[in-house]
Every structure is written in C-alpha cells, then in structure tokens.
Amino acid sequence: QKLKKAGATNFRINLSHATTKSTEEYINKLQSIDINASLDTQGAQLRTASGTKLRQLKSNEMVKIGFVDMETGDNEMDFYFNHKEAYEQIQVNDNIRIDFEGLTVKVKTKYETHLEALCINPGNIKENKAVDVINRSLKLNPLTQFDKEIIRRCAVKNIEKIYLSFANNSDDVLQLKELMKESGYSNTKIVAKIETVQALANLNNILDVVDGVLIDRGDLSREISISKIPHACDVVLSLAKKKMVPCYVATNVLETMIQNPLIQMLEAFVVFHVLLPTLD
C-alpha cells in the first residue's frame, strides 16, 4: 500500500523465485489494493533447480548433475539444472559457470542420465541461480513447464503484463502469444526482456511483435563485457524509440561493488556513462 501511494503502478512476480502457492498469494495481495500483477517468466535460461540445498563446492570436488524431468535411475545427484534439453548440448570439457560469484565446474564425463563435473573454481551452490556454458550458447525452450502452468492458471487473474525472460527472437514471443491465446488472455501485454547477445542481434524483429522491451543489464553482462553495457543500452533505447515501443531499464548492476572490488572501476564507468547524461 505504501509503494502504491508512493507511485508504484506495476509489480512483477519473478517466477524463477516463486511457487504456485506464492504466485497465487502475491496476485491476491496486489489485487486487494487494486493493482493487477505482472508475471516474469523463467524463460530460456539454464538454472539450478528449485529445492537445491545451499552448500559450498570446494576445488577439485566431483559432483553429479541431473536435469529436472529426466530419469537418473538409481544415481543420487548433487543438484539439478532446470532445462533438460540442455543435456544433449553440453559436452565433455565444457566449463559451466553458476551464478555471479565465480563458481565454475568442468564436465568430465557425460553419462546417459547425468553429468559428472569437477569443481575448478569454488563457491556456493544455491537454488534458482543462473547457469551458463562459458563461450557457448545453448538453444533452450522459451518457456519452462512451470512458466506454462502458471500462465494457464492466471488467465482469469487480469494479469497486466507478461515479461518474457531471455527472449532471443520473435519466434519465442510468438510461442508465448499462442499459449496466451489458447489460455484465454485478452488485454495482457507482452514485454520481451533483452538479456542475451541473440536478443540484441534479433532486436529489430523482436520489437515488431511486442508491446515493450526491458533491458536486464545484470544478465546481459554475463554475455558481454560490463564495460559494453552502456552502448548496448543506447542501441536498444534508440531502436525502441524509433519504433515507438516502450523500453525499460532494470537490474542493480552495482550490487557486486559491495563485495567484489575487481569490477568496481568498470561499474563506476557504467554509472557515469549512463546516469550523468540524464541528470539535466
């Protein structure tokens, strides 16, 4: 209520950190003060699965990695990734980075049901954390099964917007539109989140099929140097303005300055480049 009074008009429920129950509770709370919620999909990003127990992985520790909805037989996994279609694309000797804290594992063996990997840079494993294969892109489904379930359930909830995370091309958006049509959505808008190199490459076509775009600077910085984020923002904002498509800029890029001095200089550059021209 205080946020609404202060001027907040839209709240995104991040499905990467939600459950069916919590999503329902959030929507009901927001609607009780006359705010229609928005959904923010998990999208085409590999993540550690919900329920992953917090633990520290040490250097040279071997771990077994399974995939949600994929049989592992009698093998006990250390943790799981969410997109099972990634299993076929990950290869032996791939380096896999987990979250923003530097945790990295190297795939040593690929079994029929899971991966076995060696921890080459220690760190904490947590649930719902972003995962990427270093120097290689994976082709993932634009919506997870959880995304589809929630979108179908919320068709009668007057959802204001659906933010499509990791929208890589216009086809990803069209798949979401088809699901929304099948589920009975009418006035809900679609905002594509621009957070990959592929999205930048296909930006022109994406802008033609959405009601808005959102630049997620944090996740985008996983794929391009953080020093290039200001230029990427300029490009997206300029083209969106040209096509008269609303554009939003999000994510607290500065959070890592609290603990990681190695990138303080680069992030300070981002702030001065992006923010100072807007002050006047």
# chains A, B, ... in the order shown; residues from 1 in each chain; ligands from 1
$ closest_atom_pairs --of "segment 40-88 of chain A" --to "segment 146-170 of chain A" --cutoff "6 Å" --atoms "only C-alpha atoms" --output "JSON lines"
{"residue": "A:Asp40", "atom": "CA", "partner": "A:Tyr163", "partner_atom": "CA", "distance": 4.6}
{"residue": "A:Thr41", "atom": "CA", "partner": "A:Leu164", "partner_atom": "CA", "distance": 5.6}
{"residue": "A:Gly43", "atom": "CA", "partner": "A:Ser165", "partner_atom": "CA", "distance": 4.7}
{"residue": "A:Ala44", "atom": "CA", "partner": "A:Phe166", "partner_atom": "CA", "distance": 5.4}
$ residues_around --residues "Leu176 of chain A" --least-positions-apart "3" --cutoff "9 Å" --atoms "only C-alpha atoms" --output "mmCIF file with N, CA, C and O atoms, in the first residue's frame"
data_model
loop_
_atom_site.group_PDB
_atom_site.id
_atom_site.type_symbol
_atom_site.label_atom_id
_atom_site.label_comp_id
_atom_site.auth_asym_id
_atom_site.auth_seq_id
_atom_site.Cartn_x
_atom_site.Cartn_y
_atom_site.Cartn_z
ATOM 1 N N PRO A 142 11.721 -21.397 -24.892
ATOM 2 C CA PRO A 142 11.468 -20.046 -24.358
ATOM 3 C C PRO A 142 10.631 -20.042 -23.087
ATOM 4 O O PRO A 142 10.638 -19.054 -22.351
ATOM 5 N N LEU A 143 9.914 -21.138 -22.809
ATOM 6 C CA LEU A 143 9.099 -21.238 -21.605
ATOM 7 C C LEU A 143 9.362 -22.576 -20.923
ATOM 8 O O LEU A 143 9.443 -23.611 -21.592
ATOM 9 N N LYS A 148 4.541 -22.333 -18.212
ATOM 10 C CA LYS A 148 3.296 -22.668 -18.905
ATOM 11 C C LYS A 148 2.164 -22.931 -17.917
ATOM 12 O O LYS A 148 1.028 -22.487 -18.116
ATOM 13 N N LEU A 164 8.703 -11.710 -20.858
ATOM 14 C CA LEU A 164 9.312 -12.931 -21.380
ATOM 15 C C LEU A 164 10.825 -12.857 -21.182
ATOM 16 O O LEU A 164 11.530 -12.152 -21.903
ATOM 17 N N ASP A 171 10.271 -15.551 -32.729
ATOM 18 C CA ASP A 171 9.573 -16.834 -32.594
ATOM 19 C C ASP A 171 9.280 -17.149 -31.128
ATOM 20 O O ASP A 171 8.234 -17.727 -30.809
ATOM 21 N N ASP A 172 10.208 -16.802 -30.229
ATOM 22 C CA ASP A 172 9.981 -17.012 -28.796
ATOM 23 C C ASP A 172 8.731 -16.248 -28.340
ATOM 24 O O ASP A 172 7.904 -16.765 -27.581
ATOM 25 N N VAL A 173 8.604 -15.021 -28.815
ATOM 26 C CA VAL A 173 7.458 -14.198 -28.450
ATOM 27 C C VAL A 173 6.169 -14.783 -29.025
ATOM 28 O O VAL A 173 5.136 -14.839 -28.348
ATOM 29 N N LEU A 179 0.330 -19.494 -26.630
ATOM 30 C CA LEU A 179 -0.103 -20.043 -25.346
ATOM 31 C C LEU A 179 -1.138 -19.128 -24.693
ATOM 32 O O LEU A 179 -2.131 -19.604 -24.130
ATOM 33 N N MET A 180 -0.917 -17.830 -24.765
ATOM 34 C CA MET A 180 -1.863 -16.877 -24.176
ATOM 35 C C MET A 180 -3.207 -16.926 -24.891
ATOM 36 O O MET A 180 -4.269 -16.857 -24.254
ATOM 37 N N LYS A 181 -3.175 -17.090 -26.199
ATOM 38 C CA LYS A 181 -4.416 -17.185 -26.977
ATOM 39 C C LYS A 181 -5.190 -18.442 -26.583
ATOM 40 O O LYS A 181 -6.406 -18.402 -26.365
ATOM 41 N N ILE A 190 2.742 -7.985 -23.673
ATOM 42 C CA ILE A 190 3.977 -8.773 -23.618
ATOM 43 C C ILE A 190 5.175 -7.835 -23.672
ATOM 44 O O ILE A 190 5.267 -6.969 -24.556
#
$ closest_residue --among "A:Glu112, A:Glu127, A:Glu223, A:Glu24" --to "Tyr80 of chain A" --atoms "only C-alpha atoms"
A:Glu127
$ select_by_dssp --residues "segment 48-265 of chain A" --states "alpha helix (DSSP H)" --output "ChimeraX atom specification"
/A:86-89,145-153,170-183,197-201,203-207,217-220,229-242,264-265
$ residues_around --residues "Thr196 of chain A" --least-positions-apart "6" --cutoff "12 Å" --atoms "only C-alpha atoms" --output "list in words"
Gly43, Ala44, Gln45, Asp132, Arg136, Ser137, Leu138, Lys139, Ser165, Phe166, Ala167, Asn168, Asn169, Asn202, Leu203, Leu214, Ile215, Asp216, Arg217, Gly218, Asp219, Leu220, Ser221, Arg222, Glu223, Ile224, Ser225, Ile229 and Ala232 of chain A
$ residues_around --residues "segment 236-252 of chain A" --least-positions-apart "3" --cutoff "12 Å" --atoms "only C-alpha atoms" --output "PyMOL selection string"
chain A and resi 12+163+189-195+197+199-221+229-233+255-258+267+270-271+274-275
$ select_by_dssp --residues "segment 108-269 of chain A" --states "strand (DSSP E or B)" --output "VMD selection string"
chain A and resid 108 to 110 115 to 121 123 to 125 130 to 133 161 to 164 189 to 194 212 to 216 247 to 250
$ residues_around --residues "Ile125 of chain A" --least-positions-apart "3" --cutoff "7 Å" --atoms "only C-alpha atoms" --output "number ranges by chain"
A: 54-57
$ atom_distance --atom1 "atom CA of Asn93 of chain A" --atom2 "atom CA of Ala130 of chain A"
19.6 Å
$ residues_around --residues "Thr48 of chain A" --least-positions-apart "2" --cutoff "10 Å" --atoms "only C-alpha atoms" --output "PyMOL selection string"
chain A and resi 45-46+50-52+65-68+79-83+98-99+125-131
$ write_last_selection --atoms "N, CA, C and O atoms" --output "mmCIF file, in the first residue's frame"
data_model
loop_
_atom_site.group_PDB
_atom_site.id
_atom_site.type_symbol
_atom_site.label_atom_id
_atom_site.label_comp_id
_atom_site.auth_asym_id
_atom_site.auth_seq_id
_atom_site.Cartn_x
_atom_site.Cartn_y
_atom_site.Cartn_z
ATOM 1 N N GLN A 45 16.570 -19.719 -19.777
ATOM 2 C CA GLN A 45 17.840 -19.668 -19.059
ATOM 3 C C GLN A 45 18.023 -20.937 -18.246
ATOM 4 O O GLN A 45 17.126 -21.372 -17.533
ATOM 5 N N LEU A 46 19.210 -21.504 -18.378
ATOM 6 C CA LEU A 46 19.555 -22.654 -17.554
ATOM 7 C C LEU A 46 19.760 -22.174 -16.129
ATOM 8 O O LEU A 46 20.447 -21.182 -15.877
ATOM 9 N N SER A 50 14.807 -25.477 -8.330
ATOM 10 C CA SER A 50 14.227 -25.149 -7.030
ATOM 11 C C SER A 50 14.456 -26.316 -6.078
ATOM 12 O O SER A 50 14.384 -27.479 -6.482
ATOM 13 N N GLY A 51 14.746 -26.007 -4.831
ATOM 14 C CA GLY A 51 14.988 -27.061 -3.856
ATOM 15 C C GLY A 51 16.443 -27.443 -3.708
ATOM 16 O O GLY A 51 16.801 -28.242 -2.835
ATOM 17 N N THR A 52 17.324 -26.844 -4.548
ATOM 18 C CA THR A 52 18.763 -27.101 -4.404
ATOM 19 C C THR A 52 19.221 -26.610 -3.034
ATOM 20 O O THR A 52 18.990 -25.467 -2.667
ATOM 21 N N ILE A 65 25.443 -34.015 -11.733
ATOM 22 C CA ILE A 65 24.424 -33.032 -12.097
ATOM 23 C C ILE A 65 23.331 -33.703 -12.917
ATOM 24 O O ILE A 65 23.590 -34.273 -13.980
ATOM 25 N N GLY A 66 22.098 -33.640 -12.416
ATOM 26 C CA GLY A 66 20.958 -34.172 -13.144
ATOM 27 C C GLY A 66 20.141 -33.052 -13.764
ATOM 28 O O GLY A 66 20.477 -31.870 -13.633
ATOM 29 N N PHE A 67 19.062 -33.425 -14.440
ATOM 30 C CA PHE A 67 18.189 -32.444 -15.093
ATOM 31 C C PHE A 67 16.740 -32.730 -14.709
ATOM 32 O O PHE A 67 16.308 -33.883 -14.686
ATOM 33 N N VAL A 68 15.997 -31.669 -14.392
ATOM 34 C CA VAL A 68 14.605 -31.813 -13.981
ATOM 35 C C VAL A 68 13.812 -32.534 -15.063
ATOM 36 O O VAL A 68 13.999 -32.275 -16.266
ATOM 37 N N PHE A 79 22.959 -31.973 -7.443
ATOM 38 C CA PHE A 79 21.975 -30.927 -7.729
ATOM 39 C C PHE A 79 21.484 -31.107 -9.163
ATOM 40 O O PHE A 79 21.999 -31.941 -9.914
ATOM 41 N N TYR A 80 20.459 -30.310 -9.532
ATOM 42 C CA TYR A 80 19.827 -30.439 -10.847
ATOM 43 C C TYR A 80 19.800 -29.096 -11.570
ATOM 44 O O TYR A 80 19.775 -28.039 -10.946
ATOM 45 N N PHE A 81 19.773 -29.163 -12.908
ATOM 46 C CA PHE A 81 19.503 -27.996 -13.740
ATOM 47 C C PHE A 81 18.072 -28.108 -14.262
ATOM 48 O O PHE A 81 17.522 -29.200 -14.364
ATOM 49 N N ASN A 82 17.477 -26.957 -14.654
ATOM 50 C CA ASN A 82 16.053 -26.961 -14.983
ATOM 51 C C ASN A 82 15.705 -27.380 -16.415
ATOM 52 O O ASN A 82 14.724 -28.082 -16.625
ATOM 53 N N HIS A 83 16.444 -26.973 -17.421
ATOM 54 C CA HIS A 83 16.092 -27.268 -18.811
ATOM 55 C C HIS A 83 16.744 -28.584 -19.242
ATOM 56 O O HIS A 83 17.937 -28.637 -19.533
ATOM 57 N N ILE A 98 28.201 -20.984 -12.590
ATOM 58 C CA ILE A 98 26.953 -20.963 -11.836
ATOM 59 C C ILE A 98 26.881 -19.696 -10.985
ATOM 60 O O ILE A 98 27.750 -19.460 -10.145
ATOM 61 N N ASP A 99 25.863 -18.872 -11.246
ATOM 62 C CA ASP A 99 25.631 -17.625 -10.527
ATOM 63 C C ASP A 99 26.740 -16.608 -10.831
ATOM 64 O O ASP A 99 27.556 -16.797 -11.731
ATOM 65 N N ILE A 125 26.747 -23.315 -4.033
ATOM 66 C CA ILE A 125 25.669 -23.725 -4.922
ATOM 67 C C ILE A 125 24.356 -23.398 -4.232
ATOM 68 O O ILE A 125 24.169 -23.690 -3.048
ATOM 69 N N LYS A 126 23.436 -22.741 -4.941
ATOM 70 C CA LYS A 126 22.158 -22.321 -4.375
ATOM 71 C C LYS A 126 21.052 -22.634 -5.377
ATOM 72 O O LYS A 126 21.310 -22.880 -6.554
ATOM 73 N N GLU A 127 19.807 -22.573 -4.909
ATOM 74 C CA GLU A 127 18.689 -22.836 -5.815
ATOM 75 C C GLU A 127 18.375 -21.626 -6.684
ATOM 76 O O GLU A 127 18.654 -20.483 -6.327
ATOM 77 N N ASN A 128 17.828 -21.909 -7.868
ATOM 78 C CA ASN A 128 17.345 -20.876 -8.795
ATOM 79 C C ASN A 128 18.414 -19.882 -9.229
ATOM 80 O O ASN A 128 18.124 -18.702 -9.436
ATOM 81 N N LYS A 129 19.652 -20.358 -9.373
ATOM 82 C CA LYS A 129 20.731 -19.466 -9.797
ATOM 83 C C LYS A 129 21.085 -19.700 -11.270
ATOM 84 O O LYS A 129 21.052 -20.823 -11.762
ATOM 85 N N ALA A 130 21.416 -18.608 -11.954
ATOM 86 C CA ALA A 130 21.698 -18.671 -13.377
ATOM 87 C C ALA A 130 22.931 -19.534 -13.669
ATOM 88 O O ALA A 130 23.913 -19.510 -12.929
ATOM 89 N N VAL A 131 22.849 -20.261 -14.774
ATOM 90 C CA VAL A 131 23.922 -21.159 -15.200
ATOM 91 C C VAL A 131 24.215 -20.897 -16.670
ATOM 92 O O VAL A 131 23.286 -20.736 -17.465
#
$ closest_residue --among "A:Leu140, A:Cys119, A:Ala8, A:Val133" --to "Ile33 of chain A" --atoms "only C-alpha atoms"
A:Ala8
$ decode --residues "segment 168-188 of chain A" --atoms "N, CA and C atoms" --output "mmCIF file, in the first residue's frame"
data_model
loop_
_atom_site.group_PDB
_atom_site.id
_atom_site.type_symbol
_atom_site.label_atom_id
_atom_site.label_comp_id
_atom_site.auth_asym_id
_atom_site.auth_seq_id
_atom_site.Cartn_x
_atom_site.Cartn_y
_atom_site.Cartn_z
ATOM 1 N N ASN A 168 14.964 -14.525 -27.184
ATOM 2 C CA ASN A 168 16.094 -14.478 -28.120
ATOM 3 C C ASN A 168 15.707 -14.058 -29.524
ATOM 4 N N ASN A 169 14.425 -14.235 -29.879
ATOM 5 C CA ASN A 169 13.980 -13.899 -31.227
ATOM 6 C C ASN A 169 12.463 -13.739 -31.235
ATOM 7 N N SER A 170 11.923 -13.349 -32.384
ATOM 8 C CA SER A 170 10.483 -13.121 -32.479
ATOM 9 C C SER A 170 9.691 -14.415 -32.333
ATOM 10 N N ASP A 171 10.271 -15.551 -32.729
ATOM 11 C CA ASP A 171 9.573 -16.834 -32.594
ATOM 12 C C ASP A 171 9.280 -17.149 -31.128
ATOM 13 N N ASP A 172 10.208 -16.802 -30.229
ATOM 14 C CA ASP A 172 9.981 -17.012 -28.796
ATOM 15 C C ASP A 172 8.731 -16.248 -28.340
ATOM 16 N N VAL A 173 8.604 -15.021 -28.815
ATOM 17 C CA VAL A 173 7.458 -14.198 -28.450
ATOM 18 C C VAL A 173 6.169 -14.783 -29.025
ATOM 19 N N LEU A 174 6.239 -15.262 -30.260
ATOM 20 C CA LEU A 174 5.048 -15.824 -30.908
ATOM 21 C C LEU A 174 4.584 -17.095 -30.200
ATOM 22 N N GLN A 175 5.531 -17.877 -29.656
ATOM 23 C CA GLN A 175 5.143 -19.058 -28.881
ATOM 24 C C GLN A 175 4.364 -18.653 -27.635
ATOM 25 N N LEU A 176 4.818 -17.593 -26.972
ATOM 26 C CA LEU A 176 4.096 -17.090 -25.799
ATOM 27 C C LEU A 176 2.715 -16.587 -26.204
ATOM 28 N N LYS A 177 2.635 -15.876 -27.318
ATOM 29 C CA LYS A 177 1.343 -15.366 -27.775
ATOM 30 C C LYS A 177 0.362 -16.507 -28.041
ATOM 31 N N GLU A 178 0.855 -17.579 -28.624
ATOM 32 C CA GLU A 178 -0.010 -18.724 -28.926
ATOM 33 C C GLU A 178 -0.549 -19.345 -27.642
ATOM 34 N N LEU A 179 0.330 -19.494 -26.630
ATOM 35 C CA LEU A 179 -0.103 -20.043 -25.346
ATOM 36 C C LEU A 179 -1.138 -19.128 -24.693
ATOM 37 N N MET A 180 -0.917 -17.830 -24.765
ATOM 38 C CA MET A 180 -1.863 -16.877 -24.176
ATOM 39 C C MET A 180 -3.207 -16.926 -24.891
ATOM 40 N N LYS A 181 -3.175 -17.090 -26.199
ATOM 41 C CA LYS A 181 -4.416 -17.185 -26.977
ATOM 42 C C LYS A 181 -5.190 -18.442 -26.583
ATOM 43 N N GLU A 182 -4.473 -19.567 -26.466
ATOM 44 C CA GLU A 182 -5.102 -20.830 -26.073
ATOM 45 C C GLU A 182 -5.682 -20.746 -24.662
ATOM 46 N N SER A 183 -5.038 -19.955 -23.796
ATOM 47 C CA SER A 183 -5.446 -19.889 -22.392
ATOM 48 C C SER A 183 -6.537 -18.866 -22.130
ATOM 49 N N GLY A 184 -6.816 -18.012 -23.123
ATOM 50 C CA GLY A 184 -7.907 -17.062 -22.971
ATOM 51 C C GLY A 184 -7.516 -15.660 -22.542
ATOM 52 N N TYR A 185 -6.271 -15.275 -22.724
ATOM 53 C CA TYR A 185 -5.849 -13.908 -22.403
ATOM 54 C C TYR A 185 -6.406 -12.948 -23.452
ATOM 55 N N SER A 186 -6.678 -11.697 -23.015
ATOM 56 C CA SER A 186 -7.205 -10.723 -23.968
ATOM 57 C C SER A 186 -6.398 -9.427 -23.994
ATOM 58 N N ASN A 187 -6.318 -8.732 -22.848
ATOM 59 C CA ASN A 187 -5.675 -7.404 -22.847
ATOM 60 C C ASN A 187 -4.262 -7.405 -22.262
ATOM 61 N N THR A 188 -3.746 -8.565 -21.915
ATOM 62 C CA THR A 188 -2.417 -8.639 -21.304
ATOM 63 C C THR A 188 -1.338 -8.312 -22.330
#
